[in-house]
>>> print(open('structure.pdb').read())   # PDB, C-alpha atoms
ATOM      1  CA  MET A   1     -26.399  -0.050  19.286
ATOM      2  CA  ALA A   2     -27.196   2.628  21.850
ATOM      3  CA  PHE A   3     -29.798   1.802  24.475
ATOM      4  CA  LYS A   4     -32.662   4.284  24.340
ATOM      5  CA  ILE A   5     -33.744   6.238  27.409
ATOM      6  CA  SER A   6     -37.282   7.499  26.861
ATOM      7  CA  LYS A   7     -38.525  10.944  27.838
ATOM      8  CA  VAL A   8     -42.060  10.518  29.113
ATOM      9  CA  LYS A   9     -44.782  12.730  30.545
ATOM     10  CA  GLY A  10     -46.388  11.790  33.808
ATOM     11  CA  HIS A  11     -45.994   8.397  35.428
ATOM     12  CA  PRO A  12     -44.174   6.020  33.038
ATOM     13  CA  LYS A  13     -45.934   3.053  31.503
ATOM     14  CA  PHE A  14     -43.056   0.690  32.207
ATOM     15  CA  ASP A  15     -44.288  -2.072  29.895
ATOM     16  CA  SER A  16     -43.874   0.281  26.925
ATOM     17  CA  LEU A  17     -40.232   1.211  27.703
ATOM     18  CA  PRO A  18     -37.202  -0.489  26.123
ATOM     19  CA  VAL A  19     -35.646  -3.238  28.254
ATOM     20  CA  ALA A  20     -31.882  -3.531  28.756
ATOM     21  CA  LYS A  21     -30.702  -7.098  29.295
ATOM     22  CA  ILE A  22     -27.797  -7.594  31.676
ATOM     23  CA  ILE A  23     -26.343 -10.778  30.213
ATOM     24  CA  ASP A  24     -22.603 -10.133  29.685
ATOM     25  CA  TYR A  25     -20.712 -12.158  32.348
ATOM     26  CA  PRO A  26     -17.186 -12.343  30.851
ATOM     27  CA  LEU A  27     -15.380 -13.806  33.884
ATOM     28  CA  GLU A  28     -18.042 -16.345  34.888
ATOM     29  CA  ARG A  29     -16.731 -19.894  34.422
ATOM     30  CA  ARG A  30     -19.738 -21.575  36.002
ATOM     31  CA  ASP A  31     -23.370 -21.567  35.020
ATOM     32  CA  TYR A  32     -24.406 -18.936  37.552
ATOM     33  CA  LYS A  33     -25.257 -15.921  35.411
ATOM     34  CA  PRO A  34     -28.439 -14.405  36.855
ATOM     35  CA  TYR A  35     -30.609 -12.843  34.214
ATOM     36  CA  ALA A  36     -31.251  -9.192  35.050
ATOM     37  CA  GLN A  37     -32.984  -6.343  33.249
ATOM     38  CA  GLY A  38     -33.393  -2.615  33.424
ATOM     39  CA  ARG A  39     -35.516   0.226  32.137
ATOM     40  CA  ILE A  40     -34.661   3.910  32.241
ATOM     41  CA  CYS A  41     -36.745   6.985  31.522
ATOM     42  CA  ILE A  42     -36.767  10.688  32.277
ATOM     43  CA  ASN A  43     -39.911  12.583  33.246
ATOM     44  CA  GLN A  44     -40.795  15.800  35.062
ATOM     45  CA  ASP A  45     -39.773  14.223  38.400
ATOM     46  CA  GLY A  46     -36.292  13.027  37.409
ATOM     47  CA  MET A  47     -34.480  10.005  35.998
ATOM     48  CA  ILE A  48     -36.300   6.777  36.769
ATOM     49  CA  LEU A  49     -34.250   3.595  36.905
ATOM     50  CA  GLN A  50     -36.016   0.249  37.235
ATOM     51  CA  LEU A  51     -33.792  -2.796  37.735
ATOM     52  CA  TRP A  52     -34.676  -6.369  38.584
ATOM     53  CA  ALA A  53     -32.909  -9.745  38.695
ATOM     54  CA  PHE A  54     -34.195 -13.263  38.430
ATOM     55  CA  GLU A  55     -32.722 -14.872  41.532
ATOM     56  CA  THR A  56     -34.346 -17.227  43.999
ATOM     57  CA  HIS A  57     -33.236 -16.371  47.541
ATOM     58  CA  PRO A  58     -30.745 -13.610  46.630
ATOM     59  CA  GLU A  59     -27.778 -13.366  48.949
ATOM     60  CA  PRO A  60     -27.358 -10.139  50.979
ATOM     61  CA  GLU A  61     -24.259  -9.305  48.869
ATOM     62  CA  SER A  62     -26.219  -9.510  45.612
ATOM     63  CA  SER A  63     -26.786  -6.107  44.016
ATOM     64  CA  LEU A  64     -28.048  -4.209  41.002
ATOM     65  CA  LYS A  65     -26.197  -1.074  39.951
ATOM     66  CA  GLY A  66     -26.352   1.721  37.408
ATOM     67  CA  VAL A  67     -23.397   3.967  36.559
ATOM     68  CA  PHE A  68     -23.906   7.117  34.490
ATOM     69  CA  ALA A  69     -21.885  10.082  33.212
ATOM     70  CA  LEU A  70     -24.142  13.074  32.604
ATOM     71  CA  SER A  71     -21.475  14.933  30.603
ATOM     72  CA  SER A  72     -17.836  14.665  29.571
ATOM     73  CA  GLU A  73     -16.738  16.308  32.837
ATOM     74  CA  GLU A  74     -14.941  13.784  35.065
ATOM     75  CA  ASP A  75     -16.973  14.691  38.148
ATOM     76  CA  SER A  76     -20.288  14.059  36.363
ATOM     77  CA  VAL A  77     -20.049  10.271  36.919
ATOM     78  CA  PHE A  78     -22.427   8.871  39.515
ATOM     79  CA  SER A  79     -23.654   5.451  40.562
ATOM     80  CA  VAL A  80     -26.631   4.051  42.375
ATOM     81  CA  GLU A  81     -26.551   0.527  43.809
ATOM     82  CA  PHE A  82     -29.099  -1.394  45.814
ATOM     83  CA  PHE A  83     -29.238  -4.751  47.539
ATOM     84  CA  PRO A  84     -32.153  -7.061  48.430
ATOM     85  CA  GLN A  85     -32.213  -5.404  51.885
ATOM     86  CA  GLY A  86     -31.100  -2.005  53.132
ATOM     87  CA  GLU A  87     -30.891   1.456  51.641
ATOM     88  CA  PRO A  88     -29.507   2.227  48.170
ATOM     89  CA  VAL A  89     -25.989   3.651  47.911
ATOM     90  CA  PHE A  90     -25.587   6.809  45.805
ATOM     91  CA  LYS A  91     -22.056   7.890  44.897
ATOM     92  CA  VAL A  92     -20.630  10.761  42.911
ATOM     93  CA  GLY A  93     -17.265   9.442  41.812
ATOM     94  CA  GLU A  94     -16.033   7.562  44.890
ATOM     95  CA  ARG A  95     -17.771   9.899  47.346
ATOM     96  CA  GLN A  96     -20.960   8.554  48.937
ATOM     97  CA  VAL A  97     -23.776  11.096  48.956
ATOM     98  CA  PRO A  98     -26.947  10.905  51.078
ATOM     99  CA  ALA A  99     -29.685   9.323  49.009
ATOM    100  CA  ASP A 100     -32.550  10.712  51.070
ATOM    101  CA  GLN A 101     -33.960  12.644  48.065
ATOM    102  CA  MET A 102     -34.281   9.453  46.036
ATOM    103  CA  LEU A 103     -37.651   7.692  45.897
ATOM    104  CA  VAL A 104     -37.336   3.912  46.199
ATOM    105  CA  HIS A 105     -40.035   1.359  45.438
ATOM    106  CA  ARG A 106     -38.897  -2.226  46.008
ATOM    107  CA  PHE A 107     -40.656  -5.174  44.483
ATOM    108  CA  GLU A 108     -40.393  -8.940  44.275
ATOM    109  CA  GLY A 109     -42.494 -11.648  42.747
ATOM    110  CA  GLU A 110     -42.750 -14.513  40.340
ATOM    111  CA  ASP A 111     -43.921 -14.794  36.759
ATOM    112  CA  LEU A 112     -43.446 -17.206  33.862
ATOM    113  CA  GLN A 113     -39.743 -16.237  33.685
ATOM    114  CA  GLY A 114     -39.080 -17.060  37.331
ATOM    115  CA  VAL A 115     -38.641 -15.495  40.778
ATOM    116  CA  TYR A 116     -37.360 -11.907  40.776
ATOM    117  CA  TRP A 117     -36.460  -8.968  43.030
ATOM    118  CA  GLY A 118     -35.708  -5.360  42.233
ATOM    119  CA  ALA A 119     -36.606  -1.720  42.682
ATOM    120  CA  THR A 120     -37.730   1.393  40.885
ATOM    121  CA  LEU A 121     -35.557   4.365  41.832
ATOM    122  CA  THR A 122     -36.485   7.963  41.036
ATOM    123  CA  LEU A 123     -33.468  10.276  41.018
ATOM    124  CA  PRO A 124     -34.909  13.807  41.249
ATOM    125  CA  HIS A 125     -33.601  16.475  38.878
ATOM    126  CA  SER A 126     -32.383  18.416  41.930
ATOM    127  CA  LEU A 127     -30.124  15.466  42.838
ATOM    128  CA  LEU A 128     -28.809  15.211  39.266
ATOM    129  CA  LYS A 129     -28.088  18.964  39.272
ATOM    130  CA  GLN A 130     -25.876  18.360  42.317
ATOM    131  CA  VAL A 131     -23.869  15.903  40.189
ATOM    132  CA  ASP A 132     -23.776  18.177  37.132
ATOM    133  CA  PRO A 133     -25.005  21.787  37.528
ATOM    134  CA  GLN A 134     -25.523  21.891  33.739
ATOM    135  CA  TRP A 135     -28.080  19.024  33.865
ATOM    136  CA  ASN A 136     -31.068  20.023  31.743
ATOM    137  CA  PRO A 137     -33.571  17.243  31.043
ATOM    138  CA  GLU A 138     -35.140  19.242  28.211
ATOM    139  CA  GLN A 139     -31.901  19.514  26.224
ATOM    140  CA  ILE A 140     -30.142  16.232  26.986
ATOM    141  CA  THR A 141     -29.791  13.916  23.969
ATOM    142  CA  GLN A 142     -27.391  11.313  25.331
ATOM    143  CA  ILE A 143     -25.562  10.172  28.421
ATOM    144  CA  ALA A 144     -22.987   7.456  28.990
ATOM    145  CA  GLY A 145     -23.931   4.565  31.224
ATOM    146  CA  ASN A 146     -23.968   0.892  32.062
ATOM    147  CA  LEU A 147     -26.105  -1.437  34.186
ATOM    148  CA  TYR A 148     -24.715  -4.203  36.374
ATOM    149  CA  LYS A 149     -25.661  -7.369  38.275
ATOM    150  CA  LEU A 150     -23.061  -8.066  40.956
ATOM    151  CA  SER A 151     -22.377 -10.256  43.970
ATOM    152  CA  THR A 152     -19.453 -10.956  46.290
ATOM    153  CA  GLY A 153     -21.326 -13.705  48.165
ATOM    154  CA  LYS A 154     -21.117 -17.495  47.950
ATOM    155  CA  ARG A 155     -22.069 -17.306  44.260
ATOM    156  CA  PRO A 156     -19.874 -14.383  43.125
ATOM    157  CA  HIS A 157     -20.584 -12.900  39.713
ATOM    158  CA  GLN A 158     -20.155  -9.711  37.691
ATOM    159  CA  GLY A 159     -22.419  -9.000  34.757
ATOM    160  CA  SER A 160     -23.298  -5.932  32.735
ATOM    161  CA  LEU A 161     -25.385  -4.554  29.889
ATOM    162  CA  TYR A 162     -22.366  -3.308  27.917
ATOM    163  CA  PRO A 163     -18.970  -5.026  28.120
ATOM    164  CA  ALA A 164     -17.218  -3.786  31.270
ATOM    165  CA  ASP A 165     -13.554  -3.896  32.200
ATOM    166  CA  PHE A 166     -13.923  -6.483  34.994
ATOM    167  CA  ALA A 167     -10.549  -8.154  34.286
ATOM    168  CA  ALA A 168      -8.486  -4.944  34.569
ATOM    169  CA  GLY A 169     -10.303  -3.810  37.703
ATOM    170  CA  ASP A 170     -12.108  -0.724  36.342
ATOM    171  CA  PRO A 171     -15.604  -2.007  35.534
ATOM    172  CA  PHE A 172     -17.313   1.231  36.652
ATOM    173  CA  GLY A 173     -14.948   3.696  34.953
ATOM    174  CA  ARG A 174     -15.641   5.695  31.803
ATOM    175  CA  SER A 175     -14.067   2.994  29.619
ATOM    176  CA  SER A 176     -16.894   0.642  30.686
ATOM    177  CA  LEU A 177     -19.692   3.117  29.890
ATOM    178  CA  SER A 178     -21.416   3.338  26.517
ATOM    179  CA  VAL A 179     -23.695   5.862  24.878
ATOM    180  CA  MET A 180     -27.367   5.808  25.815
ATOM    181  CA  SER A 181     -29.593   7.947  23.581
ATOM    182  CA  VAL A 182     -32.302  10.079  25.183
ATOM    183  CA  VAL A 183     -35.352  10.067  22.908
ATOM    184  CA  SER A 184     -38.876  11.442  22.881
ATOM    185  CA  TYR A 185     -41.530   9.447  21.078
TER     186      TYR A 185
END
>>> encode(input="structure.pdb", output="structure tokens")
Amino acid sequence: MAFKISKVKGHPKFDSLPVAKIIDYPLERRDYKPYAQGRICINQDGMILQLWAFETHPEPESSLKGVFALSSEEDSVFSVEFFPQGEPVFKVGERQVPADQMLVHRFEGEDLQGVYWGATLTLPHSLLKQVDPQWNPEQITQIAGNLYKLSTGKRPHQGSLYPADFAAGDPFGRSSLSVMSVVSY
């Protein structure tokens, strides 16, 4: 089933958006499979990606990542990854692009589910037009994408929303992306 990306007006009411659960850890042999979630919407400002993971004392190598293909063109694939500390990394294909246009709001806390960390990232339409000049938020009905929880630290793990090709070494390629429907309610 396709995850739904909501088109919203104004500031999103995050609690009303669909939640994507990052729970597919196909190579994990141990019990360390951090529960992570994401929400995505599009408004007049851009694409808003909110990701958070339930991890107590996340290691510096722990990260949350989104990979998206705005069209069928090969160069329309981009990724955004962030860590508990430091600036997010924005890439178009394998080329790192300055992420200074992106708005980043980090958060951390604790609720009945546990201790969490994450961020809300706003990718302005002008940045998305640099990835795909044909980007038109009014006409878009679907994109391909996947969300990830990763770490290369002392507790290495690789998890995703949709099954990703971790074993063959191409977990961020097109074969690991699935359709996400863009809907207006």
>>> closest_residue(input="structure.pdb", among="A:Pro156, A:Pro18, A:Gly46, A:Pro26", to="Asn136 of chain A", atoms="only C-alpha atoms")
A:Gly46
>>> closest_residue(input="structure.pdb", among="A:Leu103, A:Val115, A:Met180, A:Ile48", to="Tyr162 of chain A", atoms="all atoms listed in the file")
A:Met180
>>> closest_residue(input="structure.pdb", among="A:Glu28, A:Glu61, A:Asp75, A:Glu81", to="Lys129 of chain A", atoms="all atoms listed in the file")
A:Asp75
>>> residues_around(input="structure.pdb", residues="Ser72 of chain A", least_positions_apart="5", cutoff="10 Å", atoms="all atoms listed in the file", output="number ranges by chain")
A: 77, 143-144, 174
>>> resolve_selection(input="structure.pdb", expression="the PyMOL selection byres ((chain A and resi 57) around 12)", output="MDAnalysis selection string")
chainID A and resid 34 53:56 58:62 84:85 108:109 114:117 155
>>> resolve_selection(input="structure.pdb", expression="the PyMOL selection byres ((chain A and resi 142) around 9)", output="ChimeraX atom specification")
/A:4-5,70-71,140-141,143-144,179-183
>>> residues_around(input="structure.pdb", residues="Glu138 of chain A", least_positions_apart="6", cutoff="10 Å", atoms="all atoms listed in the file", output="list in words")
Lys7, Ile42, Asn43 and Gln44 of chain A
>>> closest_residue(input="structure.pdb", among="A:Gln37, A:Val80, A:Leu49, A:Gln139", to="Ser184 of chain A", atoms="all atoms listed in the file")
A:Gln139
>>> residues_around(input="structure.pdb", residues="Trp52 of chain A", least_positions_apart="6", cutoff="10 Å", atoms="all atoms listed in the file", output="PyMOL selection string")
chain A and resi 22+35-39+63-64+106-108+116-120+149
>>> closest_residue(input="structure.pdb", among="A:Leu112, A:Leu27, A:Tyr148, A:Val92", to="Gln130 of chain A", atoms="only C-alpha atoms")
A:Val92
>>> closest_residue(input="structure.pdb", among="A:Lys91, A:Arg29, A:Lys21, A:Lys13", to="Pro163 of chain A", atoms="all atoms listed in the file")
A:Lys21
>>> atom_distance(input="structure.pdb", atom1="atom CA of Phe166 of chain A", atom2="atom CA of Ala2 of chain A")
20.8 Å
>>> residues_around(input="structure.pdb", residues="segment 86-90 of chain A", least_positions_apart="4", cutoff="10 Å", atoms="only C-alpha atoms", output="ChimeraX atom specification")
/A:60,63-67,78-82,94-100,102,104,119,121,123
>>> atom_distance(input="structure.pdb", atom1="atom CA of Phe68 of chain A", atom2="atom CA of Met1 of chain A")
17.0 Å
>>> atom_distance(input="structure.pdb", atom1="atom CA of Lys154 of chain A", atom2="atom CA of Phe83 of chain A")
15.1 Å
>>> build_atoms(input="structure.pdb", residues="segment 123-145 of chain A", atoms="N, CA, C and O atoms", output="PDB file, keeping the file's coordinate frame")
ATOM      1  N   LEU A 123     -34.538   9.338  40.678  1.00  0.00           N
ATOM      2  CA  LEU A 123     -33.468  10.276  41.018  1.00  0.00           C
ATOM      3  C   LEU A 123     -33.948  11.660  40.623  1.00  0.00           C
ATOM      4  O   LEU A 123     -33.993  11.985  39.435  1.00  0.00           O
ATOM      5  N   PRO A 124     -34.347  12.493  41.578  1.00  0.00           N
ATOM      6  CA  PRO A 124     -34.909  13.807  41.249  1.00  0.00           C
ATOM      7  C   PRO A 124     -33.914  14.672  40.472  1.00  0.00           C
ATOM      8  O   PRO A 124     -32.698  14.541  40.631  1.00  0.00           O
ATOM      9  N   HIS A 125     -34.458  15.563  39.644  1.00  0.00           N
ATOM     10  CA  HIS A 125     -33.601  16.475  38.878  1.00  0.00           C
ATOM     11  C   HIS A 125     -32.710  17.296  39.802  1.00  0.00           C
ATOM     12  O   HIS A 125     -31.563  17.588  39.456  1.00  0.00           O
ATOM     13  N   SER A 126     -33.201  17.649  40.989  1.00  0.00           N
ATOM     14  CA  SER A 126     -32.383  18.416  41.930  1.00  0.00           C
ATOM     15  C   SER A 126     -31.144  17.626  42.357  1.00  0.00           C
ATOM     16  O   SER A 126     -30.069  18.199  42.539  1.00  0.00           O
ATOM     17  N   LEU A 127     -31.267  16.309  42.499  1.00  0.00           N
ATOM     18  CA  LEU A 127     -30.124  15.466  42.838  1.00  0.00           C
ATOM     19  C   LEU A 127     -29.146  15.397  41.669  1.00  0.00           C
ATOM     20  O   LEU A 127     -27.932  15.480  41.854  1.00  0.00           O
ATOM     21  N   LEU A 128     -29.668  15.272  40.442  1.00  0.00           N
ATOM     22  CA  LEU A 128     -28.809  15.211  39.266  1.00  0.00           C
ATOM     23  C   LEU A 128     -28.094  16.542  39.037  1.00  0.00           C
ATOM     24  O   LEU A 128     -26.956  16.565  38.570  1.00  0.00           O
ATOM     25  N   LYS A 129     -28.739  17.644  39.383  1.00  0.00           N
ATOM     26  CA  LYS A 129     -28.088  18.964  39.272  1.00  0.00           C
ATOM     27  C   LYS A 129     -26.942  19.100  40.272  1.00  0.00           C
ATOM     28  O   LYS A 129     -25.989  19.840  40.024  1.00  0.00           O
ATOM     29  N   GLN A 130     -26.997  18.367  41.380  1.00  0.00           N
ATOM     30  CA  GLN A 130     -25.876  18.360  42.317  1.00  0.00           C
ATOM     31  C   GLN A 130     -24.678  17.638  41.707  1.00  0.00           C
ATOM     32  O   GLN A 130     -23.532  17.975  41.993  1.00  0.00           O
ATOM     33  N   VAL A 131     -24.938  16.624  40.872  1.00  0.00           N
ATOM     34  CA  VAL A 131     -23.869  15.903  40.189  1.00  0.00           C
ATOM     35  C   VAL A 131     -23.296  16.766  39.070  1.00  0.00           C
ATOM     36  O   VAL A 131     -22.092  16.903  38.919  1.00  0.00           O
ATOM     37  N   ASP A 132     -24.184  17.337  38.255  1.00  0.00           N
ATOM     38  CA  ASP A 132     -23.776  18.177  37.132  1.00  0.00           C
ATOM     39  C   ASP A 132     -24.680  19.408  37.094  1.00  0.00           C
ATOM     40  O   ASP A 132     -25.849  19.300  36.691  1.00  0.00           O
ATOM     41  N   PRO A 133     -24.177  20.570  37.503  1.00  0.00           N
ATOM     42  CA  PRO A 133     -25.005  21.787  37.528  1.00  0.00           C
ATOM     43  C   PRO A 133     -25.598  22.146  36.164  1.00  0.00           C
ATOM     44  O   PRO A 133     -26.581  22.877  36.087  1.00  0.00           O
ATOM     45  N   GLN A 134     -25.022  21.615  35.086  1.00  0.00           N
ATOM     46  CA  GLN A 134     -25.523  21.891  33.739  1.00  0.00           C
ATOM     47  C   GLN A 134     -26.663  20.947  33.327  1.00  0.00           C
ATOM     48  O   GLN A 134     -27.184  21.059  32.218  1.00  0.00           O
ATOM     49  N   TRP A 135     -27.031  19.999  34.196  1.00  0.00           N
ATOM     50  CA  TRP A 135     -28.080  19.024  33.865  1.00  0.00           C
ATOM     51  C   TRP A 135     -29.349  19.748  33.456  1.00  0.00           C
ATOM     52  O   TRP A 135     -29.876  20.572  34.194  1.00  0.00           O
ATOM     53  N   ASN A 136     -29.832  19.448  32.251  1.00  0.00           N
ATOM     54  CA  ASN A 136     -31.068  20.023  31.743  1.00  0.00           C
ATOM     55  C   ASN A 136     -31.834  18.920  31.029  1.00  0.00           C
ATOM     56  O   ASN A 136     -31.484  18.551  29.902  1.00  0.00           O
ATOM     57  N   PRO A 137     -32.860  18.370  31.647  1.00  0.00           N
ATOM     58  CA  PRO A 137     -33.571  17.243  31.043  1.00  0.00           C
ATOM     59  C   PRO A 137     -34.246  17.583  29.716  1.00  0.00           C
ATOM     60  O   PRO A 137     -34.524  16.695  28.922  1.00  0.00           O
ATOM     61  N   GLU A 138     -34.501  18.842  29.470  1.00  0.00           N
ATOM     62  CA  GLU A 138     -35.140  19.242  28.211  1.00  0.00           C
ATOM     63  C   GLU A 138     -34.161  19.208  27.040  1.00  0.00           C
ATOM     64  O   GLU A 138     -34.564  19.006  25.901  1.00  0.00           O
ATOM     65  N   GLN A 139     -32.883  19.418  27.302  1.00  0.00           N
ATOM     66  CA  GLN A 139     -31.901  19.514  26.224  1.00  0.00           C
ATOM     67  C   GLN A 139     -31.016  18.286  26.073  1.00  0.00           C
ATOM     68  O   GLN A 139     -30.313  18.169  25.079  1.00  0.00           O
ATOM     69  N   ILE A 140     -31.037  17.391  27.028  1.00  0.00           N
ATOM     70  CA  ILE A 140     -30.142  16.232  26.986  1.00  0.00           C
ATOM     71  C   ILE A 140     -30.533  15.292  25.840  1.00  0.00           C
ATOM     72  O   ILE A 140     -31.707  15.015  25.632  1.00  0.00           O
ATOM     73  N   THR A 141     -29.538  14.851  25.075  1.00  0.00           N
ATOM     74  CA  THR A 141     -29.791  13.916  23.969  1.00  0.00           C
ATOM     75  C   THR A 141     -29.074  12.588  24.161  1.00  0.00           C
ATOM     76  O   THR A 141     -29.424  11.611  23.510  1.00  0.00           O
ATOM     77  N   GLN A 142     -28.067  12.577  25.032  1.00  0.00           N
ATOM     78  CA  GLN A 142     -27.391  11.313  25.331  1.00  0.00           C
ATOM     79  C   GLN A 142     -26.611  11.430  26.636  1.00  0.00           C
ATOM     80  O   GLN A 142     -26.242  12.516  27.043  1.00  0.00           O
ATOM     81  N   ILE A 143     -26.437  10.289  27.268  1.00  0.00           N
ATOM     82  CA  ILE A 143     -25.562  10.172  28.421  1.00  0.00           C
ATOM     83  C   ILE A 143     -24.784   8.876  28.237  1.00  0.00           C
ATOM     84  O   ILE A 143     -25.138   8.033  27.411  1.00  0.00           O
ATOM     85  N   ALA A 144     -23.718   8.716  28.991  1.00  0.00           N
ATOM     86  CA  ALA A 144     -22.987   7.456  28.990  1.00  0.00           C
ATOM     87  C   ALA A 144     -23.432   6.668  30.215  1.00  0.00           C
ATOM     88  O   ALA A 144     -23.732   7.247  31.260  1.00  0.00           O
ATOM     89  N   GLY A 145     -23.503   5.353  30.084  1.00  0.00           N
ATOM     90  CA  GLY A 145     -23.931   4.565  31.224  1.00  0.00           C
ATOM     91  C   GLY A 145     -23.732   3.081  31.032  1.00  0.00           C
ATOM     92  O   GLY A 145     -23.362   2.613  29.952  1.00  0.00           O
TER      93      GLY A 145
END
